[in-house]
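final-v4.pdb follows; it contains PDB, C-alpha atoms.
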ATOM      1  CA  MET A   1     127.694 111.637 145.370  1.00  0.00           C
ATOM      2  CA  SER A   2     127.494 111.640 141.576  1.00  0.00           C
ATOM      3  CA  GLU A   3     124.180 112.150 139.817  1.00  0.00           C
ATOM      4  CA  ILE A   4     122.635 109.188 138.026  1.00  0.00           C
ATOM      5  CA  PRO A   5     122.427 110.062 134.321  1.00  0.00           C
ATOM      6  CA  GLU A   6     118.987 109.940 132.728  1.00  0.00           C
ATOM      7  CA  PRO A   7     118.484 107.006 130.388  1.00  0.00           C
ATOM      8  CA  ARG A   8     119.060 107.922 126.757  1.00  0.00           C
ATOM      9  CA  THR A   9     116.170 107.511 124.354  1.00  0.00           C
ATOM     10  CA  ASP A  10     116.800 107.038 120.670  1.00  0.00           C
ATOM     11  CA  PRO A  11     115.240 109.667 118.380  1.00  0.00           C
ATOM     12  CA  ILE A  12     112.161 108.777 116.341  1.00  0.00           C
ATOM     13  CA  ARG A  13     113.430 107.864 112.875  1.00  0.00           C
ATOM     14  CA  VAL A  14     111.238 109.427 110.170  1.00  0.00           C
ATOM     15  CA  LEU A  15     111.072 108.740 106.430  1.00  0.00           C
ATOM     16  CA  ILE A  16     109.329 111.345 104.235  1.00  0.00           C
ATOM     17  CA  VAL A  17     107.779 110.235 100.927  1.00  0.00           C
ATOM     18  CA  ASP A  18     106.105 112.730  98.593  1.00  0.00           C
ATOM     19  CA  ASP A  19     106.468 113.473  94.882  1.00  0.00           C
ATOM     20  CA  HIS A  20     106.733 117.226  95.551  1.00  0.00           C
ATOM     21  CA  ALA A  21     110.311 118.103  96.501  1.00  0.00           C
ATOM     22  CA  LEU A  22     109.359 121.461  98.067  1.00  0.00           C
ATOM     23  CA  PHE A  23     106.806 119.797 100.342  1.00  0.00           C
ATOM     24  CA  ARG A  24     109.391 117.182 101.405  1.00  0.00           C
ATOM     25  CA  ARG A  25     111.881 119.937 102.109  1.00  0.00           C
ATOM     26  CA  GLY A  26     109.364 121.846 104.242  1.00  0.00           C
ATOM     27  CA  LEU A  27     108.589 118.765 106.344  1.00  0.00           C
ATOM     28  CA  GLU A  28     112.280 117.984 106.722  1.00  0.00           C
ATOM     29  CA  MET A  29     113.077 121.515 107.940  1.00  0.00           C
ATOM     30  CA  VAL A  30     110.296 121.407 110.558  1.00  0.00           C
ATOM     31  CA  LEU A  31     111.083 117.899 111.804  1.00  0.00           C
ATOM     32  CA  SER A  32     114.867 118.320 111.830  1.00  0.00           C
ATOM     33  CA  GLY A  33     114.517 121.198 114.283  1.00  0.00           C
ATOM     34  CA  GLU A  34     112.677 119.007 116.797  1.00  0.00           C
ATOM     35  CA  ASP A  35     114.330 117.276 119.731  1.00  0.00           C
ATOM     36  CA  GLY A  36     113.889 113.527 119.646  1.00  0.00           C
ATOM     37  CA  ILE A  37     113.073 113.339 115.921  1.00  0.00           C
ATOM     38  CA  GLU A  38     115.527 112.452 113.158  1.00  0.00           C
ATOM     39  CA  VAL A  39     114.714 112.523 109.432  1.00  0.00           C
ATOM     40  CA  VAL A  40     116.621 109.517 108.092  1.00  0.00           C
ATOM     41  CA  GLY A  41     115.610 109.745 104.446  1.00  0.00           C
ATOM     42  CA  GLU A  42     113.139 110.824 101.809  1.00  0.00           C
ATOM     43  CA  GLY A  43     111.639 109.475  98.602  1.00  0.00           C
ATOM     44  CA  GLY A  44     109.588 110.712  95.678  1.00  0.00           C
ATOM     45  CA  ASP A  45     107.330 107.737  94.947  1.00  0.00           C
ATOM     46  CA  GLY A  46     106.013 104.440  96.284  1.00  0.00           C
ATOM     47  CA  LEU A  47     108.840 102.319  94.892  1.00  0.00           C
ATOM     48  CA  GLU A  48     111.435 104.452  96.659  1.00  0.00           C
ATOM     49  CA  ALA A  49     109.307 104.315  99.802  1.00  0.00           C
ATOM     50  CA  VAL A  50     109.470 100.516  99.956  1.00  0.00           C
ATOM     51  CA  ASP A  51     113.201 100.337  99.156  1.00  0.00           C
ATOM     52  CA  LYS A  52     114.161 103.020 101.666  1.00  0.00           C
ATOM     53  CA  ALA A  53     111.922 101.584 104.360  1.00  0.00           C
ATOM     54  CA  ARG A  54     113.745  98.248 104.019  1.00  0.00           C
ATOM     55  CA  ASP A  55     117.172  99.927 104.119  1.00  0.00           C
ATOM     56  CA  LEU A  56     116.570 102.583 106.783  1.00  0.00           C
ATOM     57  CA  LEU A  57     114.046 100.828 109.087  1.00  0.00           C
ATOM     58  CA  PRO A  58     112.228 104.061 110.042  1.00  0.00           C
ATOM     59  CA  ASP A  59     109.903 104.255 113.027  1.00  0.00           C
ATOM     60  CA  VAL A  60     107.408 106.556 111.285  1.00  0.00           C
ATOM     61  CA  ILE A  61     106.752 107.134 107.579  1.00  0.00           C
ATOM     62  CA  LEU A  62     104.932 110.229 106.310  1.00  0.00           C
ATOM     63  CA  MET A  63     103.634 109.338 102.843  1.00  0.00           C
ATOM     64  CA  ASP A  64     101.406 110.798 100.155  1.00  0.00           C
ATOM     65  CA  ILE A  65      98.742 108.680  98.398  1.00  0.00           C
ATOM     66  CA  ARG A  66      98.897 109.989  94.829  1.00  0.00           C
ATOM     67  CA  MET A  67     102.434 109.366  93.560  1.00  0.00           C
ATOM     68  CA  PRO A  68     104.018 108.152  90.307  1.00  0.00           C
ATOM     69  CA  ARG A  69     105.232 104.587  89.659  1.00  0.00           C
ATOM     70  CA  ARG A  70     103.591 103.210  92.808  1.00  0.00           C
ATOM     71  CA  GLY A  71     100.865 104.801  94.907  1.00  0.00           C
ATOM     72  CA  GLY A  72     100.985 105.291  98.649  1.00  0.00           C
ATOM     73  CA  ILE A  73      98.358 102.674  99.531  1.00  0.00           C
ATOM     74  CA  GLU A  74     100.069  99.947  97.493  1.00  0.00           C
ATOM     75  CA  ALA A  75     103.408 100.978  99.032  1.00  0.00           C
ATOM     76  CA  CYS A  76     101.830 100.870 102.504  1.00  0.00           C
ATOM     77  CA  VAL A  77     100.894  97.199 102.039  1.00  0.00           C
ATOM     78  CA  ALA A  78     104.434  96.304 100.914  1.00  0.00           C
ATOM     79  CA  ILE A  79     106.082  98.277 103.726  1.00  0.00           C
ATOM     80  CA  LYS A  80     103.938  96.671 106.428  1.00  0.00           C
ATOM     81  CA  GLU A  81     105.052  93.269 105.132  1.00  0.00           C
ATOM     82  CA  ALA A  82     108.746  94.237 104.979  1.00  0.00           C
ATOM     83  CA  VAL A  83     108.939  96.434 108.100  1.00  0.00           C
ATOM     84  CA  PRO A  84     105.920  95.608 110.312  1.00  0.00           C
ATOM     85  CA  SER A  85     107.109  97.881 113.126  1.00  0.00           C
ATOM     86  CA  ALA A  86     106.952 101.013 110.949  1.00  0.00           C
ATOM     87  CA  LYS A  87     104.008 103.333 111.634  1.00  0.00           C
ATOM     88  CA  ILE A  88     102.667 104.884 108.429  1.00  0.00           C
ATOM     89  CA  VAL A  89     100.795 108.184 108.253  1.00  0.00           C
ATOM     90  CA  MET A  90      99.131 109.140 104.979  1.00  0.00           C
ATOM     91  CA  LEU A  91      99.639 112.876 104.491  1.00  0.00           C
ATOM     92  CA  THR A  92      97.546 113.780 101.466  1.00  0.00           C
ATOM     93  CA  ILE A  93      95.185 116.229  99.789  1.00  0.00           C
ATOM     94  CA  SER A  94      92.690 113.431  99.075  1.00  0.00           C
ATOM     95  CA  ASP A  95      89.515 113.734 101.122  1.00  0.00           C
ATOM     96  CA  GLU A  96      87.906 110.738  99.385  1.00  0.00           C
ATOM     97  CA  GLU A  97      86.339 108.259 101.813  1.00  0.00           C
ATOM     98  CA  GLU A  98      87.495 105.351  99.630  1.00  0.00           C
ATOM     99  CA  ASP A  99      91.142 106.430 100.017  1.00  0.00           C
ATOM    100  CA  LEU A 100      90.700 106.631 103.790  1.00  0.00           C
ATOM    101  CA  PHE A 101      89.184 103.123 103.979  1.00  0.00           C
ATOM    102  CA  GLU A 102      91.847 101.624 101.687  1.00  0.00           C
ATOM    103  CA  ALA A 103      94.666 103.289 103.650  1.00  0.00           C
ATOM    104  CA  LEU A 104      93.423 101.983 106.987  1.00  0.00           C
ATOM    105  CA  LYS A 105      92.874  98.526 105.484  1.00  0.00           C
ATOM    106  CA  ALA A 106      96.451  98.618 104.141  1.00  0.00           C
ATOM    107  CA  GLY A 107      97.774  99.157 107.674  1.00  0.00           C
ATOM    108  CA  ALA A 108      98.180 102.928 107.967  1.00  0.00           C
ATOM    109  CA  SER A 109      98.138 104.312 111.514  1.00  0.00           C
ATOM    110  CA  GLY A 110      97.034 107.774 110.459  1.00  0.00           C
ATOM    111  CA  TYR A 111      95.310 109.735 107.704  1.00  0.00           C
ATOM    112  CA  LEU A 112      95.973 113.475 107.739  1.00  0.00           C
ATOM    113  CA  LEU A 113      95.031 116.056 105.136  1.00  0.00           C
ATOM    114  CA  LYS A 114      97.716 118.454 103.972  1.00  0.00           C
ATOM    115  CA  GLU A 115      95.616 121.306 105.334  1.00  0.00           C
ATOM    116  CA  ILE A 116      97.171 120.447 108.728  1.00  0.00           C
ATOM    117  CA  ALA A 117      99.411 123.226 110.045  1.00  0.00           C
ATOM    118  CA  ILE A 118     102.974 122.157 109.338  1.00  0.00           C
ATOM    119  CA  ASP A 119     104.032 122.877 112.917  1.00  0.00           C
ATOM    120  CA  GLU A 120     101.532 120.228 114.077  1.00  0.00           C
ATOM    121  CA  VAL A 121     103.355 117.466 112.174  1.00  0.00           C
ATOM    122  CA  PRO A 122     105.977 116.786 114.899  1.00  0.00           C
ATOM    123  CA  GLN A 123     103.182 116.238 117.429  1.00  0.00           C
ATOM    124  CA  ALA A 124     101.493 113.840 114.990  1.00  0.00           C
ATOM    125  CA  VAL A 125     104.758 111.914 114.538  1.00  0.00           C
ATOM    126  CA  ARG A 126     105.180 111.532 118.302  1.00  0.00           C
ATOM    127  CA  ALA A 127     101.532 110.507 118.767  1.00  0.00           C
ATOM    128  CA  VAL A 128     101.643 107.798 116.098  1.00  0.00           C
ATOM    129  CA  HIS A 129     105.016 106.562 117.327  1.00  0.00           C
ATOM    130  CA  GLY A 130     103.438 106.292 120.782  1.00  0.00           C
ATOM    131  CA  GLY A 131     100.712 104.010 119.482  1.00  0.00           C
ATOM    132  CA  GLN A 132      97.886 106.435 118.714  1.00  0.00           C
ATOM    133  CA  SER A 133      95.839 106.430 115.509  1.00  0.00           C
ATOM    134  CA  LEU A 134      95.228 109.809 113.889  1.00  0.00           C
ATOM    135  CA  ILE A 135      92.515 110.833 111.418  1.00  0.00           C
ATOM    136  CA  SER A 136      91.869 114.408 110.323  1.00  0.00           C
ATOM    137  CA  PRO A 137      88.658 115.647 111.988  1.00  0.00           C
ATOM    138  CA  SER A 138      86.932 116.281 108.641  1.00  0.00           C
ATOM    139  CA  MET A 139      87.651 112.703 107.529  1.00  0.00           C
ATOM    140  CA  ALA A 140      86.533 111.249 110.864  1.00  0.00           C
ATOM    141  CA  SER A 141      83.301 113.214 110.480  1.00  0.00           C
ATOM    142  CA  LYS A 142      82.753 111.732 107.015  1.00  0.00           C
ATOM    143  CA  LEU A 143      83.386 108.263 108.395  1.00  0.00           C
ATOM    144  CA  ILE A 144      80.734 108.718 111.104  1.00  0.00           C
ATOM    145  CA  SER A 145      78.260 110.260 108.638  1.00  0.00           C
ATOM    146  CA  GLU A 146      78.677 107.379 106.196  1.00  0.00           C
ATOM    147  CA  PHE A 147      78.051 104.711 108.815  1.00  0.00           C
ATOM    148  CA  THR A 148      75.050 106.639 110.178  1.00  0.00           C
ATOM    149  CA  ALA A 149      73.534 106.982 106.697  1.00  0.00           C
ATOM    150  CA  LEU A 150      74.247 103.330 105.949  1.00  0.00           C
ATOM    151  CA  ALA A 151      72.511 102.201 109.134  1.00  0.00           C
ATOM    152  CA  ARG A 152      69.491 104.375 108.349  1.00  0.00           C
ATOM    153  CA  ARG A 153      69.201 103.080 104.778  1.00  0.00           C
ATOM    154  CA  SER A 154      69.536  99.499 105.972  1.00  0.00           C
ATOM    155  CA  GLU A 155      66.726  99.957 108.521  1.00  0.00           C
ATOM    156  CA  GLU A 156      64.485 101.500 105.856  1.00  0.00           C
ATOM    157  CA  ARG A 157      65.106  98.585 103.491  1.00  0.00           C
ATOM    158  CA  GLN A 158      64.348  96.044 106.198  1.00  0.00           C
ATOM    159  CA  GLN A 159      60.924  97.653 106.632  1.00  0.00           C
ATOM    160  CA  GLN A 160      60.221  97.839 102.894  1.00  0.00           C
ATOM    161  CA  VAL A 161      61.403  94.897 100.804  1.00  0.00           C
ATOM    162  CA  PRO A 162      63.386  91.676 101.229  1.00  0.00           C
ATOM    163  CA  ALA A 163      67.029  91.667 100.201  1.00  0.00           C
ATOM    164  CA  PRO A 164      67.579  91.259  96.421  1.00  0.00           C
ATOM    165  CA  ARG A 165      68.959  87.877  95.384  1.00  0.00           C
ATOM    166  CA  LEU A 166      72.565  87.782  94.214  1.00  0.00           C
ATOM    167  CA  THR A 167      73.866  85.103  91.868  1.00  0.00           C
ATOM    168  CA  ASP A 168      76.283  82.469  93.182  1.00  0.00           C
ATOM    169  CA  ARG A 169      79.166  84.189  91.387  1.00  0.00           C
ATOM    170  CA  GLU A 170      78.203  87.591  92.827  1.00  0.00           C
ATOM    171  CA  MET A 171      78.166  86.041  96.301  1.00  0.00           C
ATOM    172  CA  GLU A 172      81.665  84.644  95.689  1.00  0.00           C
ATOM    173  CA  VAL A 173      82.887  88.086  94.661  1.00  0.00           C
ATOM    174  CA  LEU A 174      81.206  89.706  97.663  1.00  0.00           C
ATOM    175  CA  ARG A 175      82.833  87.253 100.075  1.00  0.00           C
ATOM    176  CA  LEU A 176      86.272  88.057  98.634  1.00  0.00           C
ATOM    177  CA  VAL A 177      85.587  91.798  98.838  1.00  0.00           C
ATOM    178  CA  ALA A 178      84.657  91.243 102.494  1.00  0.00           C
ATOM    179  CA  ARG A 179      88.039  89.587 103.046  1.00  0.00           C
ATOM    180  CA  GLY A 180      89.718  92.786 101.831  1.00  0.00           C
ATOM    181  CA  LEU A 181      90.839  91.572  98.396  1.00  0.00           C
ATOM    182  CA  GLY A 182      91.226  94.053  95.541  1.00  0.00           C
ATOM    183  CA  ASN A 183      89.937  93.535  91.992  1.00  0.00           C
ATOM    184  CA  ARG A 184      93.211  92.019  90.752  1.00  0.00           C
ATOM    185  CA  GLU A 185      93.384  89.574  93.657  1.00  0.00           C
ATOM    186  CA  ILE A 186      89.735  88.570  93.186  1.00  0.00           C
ATOM    187  CA  ALA A 187      90.363  87.975  89.487  1.00  0.00           C
ATOM    188  CA  LYS A 188      93.264  85.640  90.280  1.00  0.00           C
ATOM    189  CA  GLU A 189      91.280  83.810  92.968  1.00  0.00           C
ATOM    190  CA  LEU A 190      88.315  83.149  90.652  1.00  0.00           C
ATOM    191  CA  PHE A 191      90.331  82.784  87.393  1.00  0.00           C
ATOM    192  CA  ILE A 192      88.430  85.591  85.682  1.00  0.00           C
ATOM    193  CA  SER A 193      89.446  88.983  84.268  1.00  0.00           C
ATOM    194  CA  GLU A 194      89.573  92.208  86.258  1.00  0.00           C
ATOM    195  CA  ASN A 195      86.894  93.673  83.957  1.00  0.00           C
ATOM    196  CA  THR A 196      84.605  90.763  84.831  1.00  0.00           C
ATOM    197  CA  VAL A 197      85.222  91.431  88.532  1.00  0.00           C
ATOM    198  CA  LYS A 198      84.355  95.111  88.028  1.00  0.00           C
ATOM    199  CA  ASN A 199      81.134  94.124  86.228  1.00  0.00           C
ATOM    200  CA  HIS A 200      80.151  91.788  89.083  1.00  0.00           C
ATOM    201  CA  ILE A 201      80.779  94.506  91.680  1.00  0.00           C
ATOM    202  CA  ARG A 202      78.785  97.021  89.620  1.00  0.00           C
ATOM    203  CA  ASN A 203      75.877  94.557  89.445  1.00  0.00           C
ATOM    204  CA  ILE A 204      76.076  93.897  93.197  1.00  0.00           C
ATOM    205  CA  LEU A 205      75.930  97.617  93.994  1.00  0.00           C
ATOM    206  CA  GLU A 206      73.031  98.161  91.569  1.00  0.00           C
ATOM    207  CA  LYS A 207      71.024  95.252  92.996  1.00  0.00           C
ATOM    208  CA  LEU A 208      71.592  96.389  96.574  1.00  0.00           C
ATOM    209  CA  GLN A 209      71.199 100.090  95.649  1.00  0.00           C
ATOM    210  CA  LEU A 210      74.487 100.955  97.357  1.00  0.00           C
ATOM    211  CA  HIS A 211      77.346 103.255  96.440  1.00  0.00           C
ATOM    212  CA  SER A 212      80.602 101.634  97.566  1.00  0.00           C
ATOM    213  CA  ARG A 213      82.283  98.296  98.223  1.00  0.00           C
ATOM    214  CA  MET A 214      82.306  98.996 101.951  1.00  0.00           C
ATOM    215  CA  GLU A 215      78.553  99.625 101.977  1.00  0.00           C
ATOM    216  CA  ALA A 216      77.972  96.348 100.116  1.00  0.00           C
ATOM    217  CA  VAL A 217      79.919  94.348 102.696  1.00  0.00           C
ATOM    218  CA  VAL A 218      78.295  96.019 105.714  1.00  0.00           C
ATOM    219  CA  TYR A 219      74.840  95.612 104.150  1.00  0.00           C
ATOM    220  CA  ALA A 220      75.468  91.937 103.354  1.00  0.00           C
ATOM    221  CA  VAL A 221      76.505  91.232 106.941  1.00  0.00           C
ATOM    222  CA  ARG A 222      73.476  93.056 108.353  1.00  0.00           C
ATOM    223  CA  GLU A 223      71.139  91.154 106.003  1.00  0.00           C
ATOM    224  CA  LYS A 224      72.892  87.867 106.901  1.00  0.00           C
ATOM    225  CA  LEU A 225      73.777  87.284 103.252  1.00  0.00           C
ATOM    226  CA  LEU A 226      77.246  86.321 104.472  1.00  0.00           C
ATOM    227  CA  GLU A 227      79.260  86.093 107.645  1.00  0.00           C
ATOM    228  CA  ILE A 228      82.769  87.482 107.996  1.00  0.00           C
ATOM    229  CA  THR A 229      84.842  85.220 110.213  1.00  0.00           C
TER     230      THR A 229
END

Could you quickly redo this structure as structure tokens?
Amino acid sequence: MSEIPEPRTDPIRVLIVDDHALFRRGLEMVLSGEDGIEVVGEGGDGLEAVDKARDLLPDVILMDIRMPRRGGIEACVAIKEAVPSAKIVMLTISDEEEDLFEALKAGASGYLLKEIAIDEVPQAVRAVHGGQSLISPSMASKLISEFTALARRSEERQQQVPAPRLTDREMEVLRLVARGLGNREIAKELFISENTVKNHIRNILEKLQLHSRMEAVVYAVREKLLEIT
């Protein structure tokens, strides 16, 4: 009696995007030696990332944030529109909270710092392809710390003074920030310049004594200044 062959599984198709050729080469060498993973292409900037994602239809994209011509976060938005099935992992040296928030908002499934051991990358590729979300422990810790500090500051303010009053225009800007729009998109929506948008956001943060756009939105929701539907 003949044996029933095991069902074949297609390899995970990976696209590598980074403006440093040596780093791309190192990732390619590690991933190409792995069973079940195939490096189908590479690019050096965000524009190439979008074009190659459309052409190659990768399963997983490893992409830097800081790149010439088009950054990784902007490319992430375009790729998720063109190839929604692609899982994108930001592999970067940036440990800025703002980059983490923007990447996740853009649709990234992972945010890993380049301090990760290179032999751990194949495991990360398989995990993300399998539906997991990955964030470097140091970044996850920052995320938790920021929300904890924000909650504490909000409770202290509730006990001290009523919420400062924002102008109607500042409320409009805050609502659009809460919807995830960037400065350029807000400017188009309200028919004002990007500099005017930046000034409004600066005034909002000063009035609320906050430090970031994310804090402003969370604070506004907690204070019932607006509702996000």

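Of the residues under consideration (A:Ala106, A:Val30, A:Val17, A:Leu210), A:Val17 shows the shortest atom-to-atom contact distance to Arg66 in chain A when counting all atoms listed in the file.
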
Problem set entry | Of the listed residues A:Val39, A:Ile192, A:Leu181, A:Leu174, that which approaches Ala220 in chain A most closely, counting all atoms listed in the file |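 Smallest separation from Ala220 in chain A among the options: A:Leu174.
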
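When the distance limit is 7 Å and only C-alpha atoms are what count, the residues near Ala108 in chain A, minus those fewer than 4 positions from it on the same chain, are Cys76, Lys87, Ile88, Val89, Met90, Ala103 and Leu104 of chain A.
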
Problem set entry | Separation of CA of Pro84 in chain A from CA of Gln132 in chain A, in Å and rounded to one decimal |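 If I compute the distance from CA of Pro84 in chain A to CA of Gln132 in chain A, I get 15.9 Å.
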
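What separates CA of Val197 in chain A from CA of Glu81 in chain A is a distance of 25.9 Å.
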
Seminar exercise, completed: Of A:Leu47, A:Leu91, A:Ala21, A:Val14, the one sitting nearest Val60 in chain A when using only C-alpha atoms is A:Val14
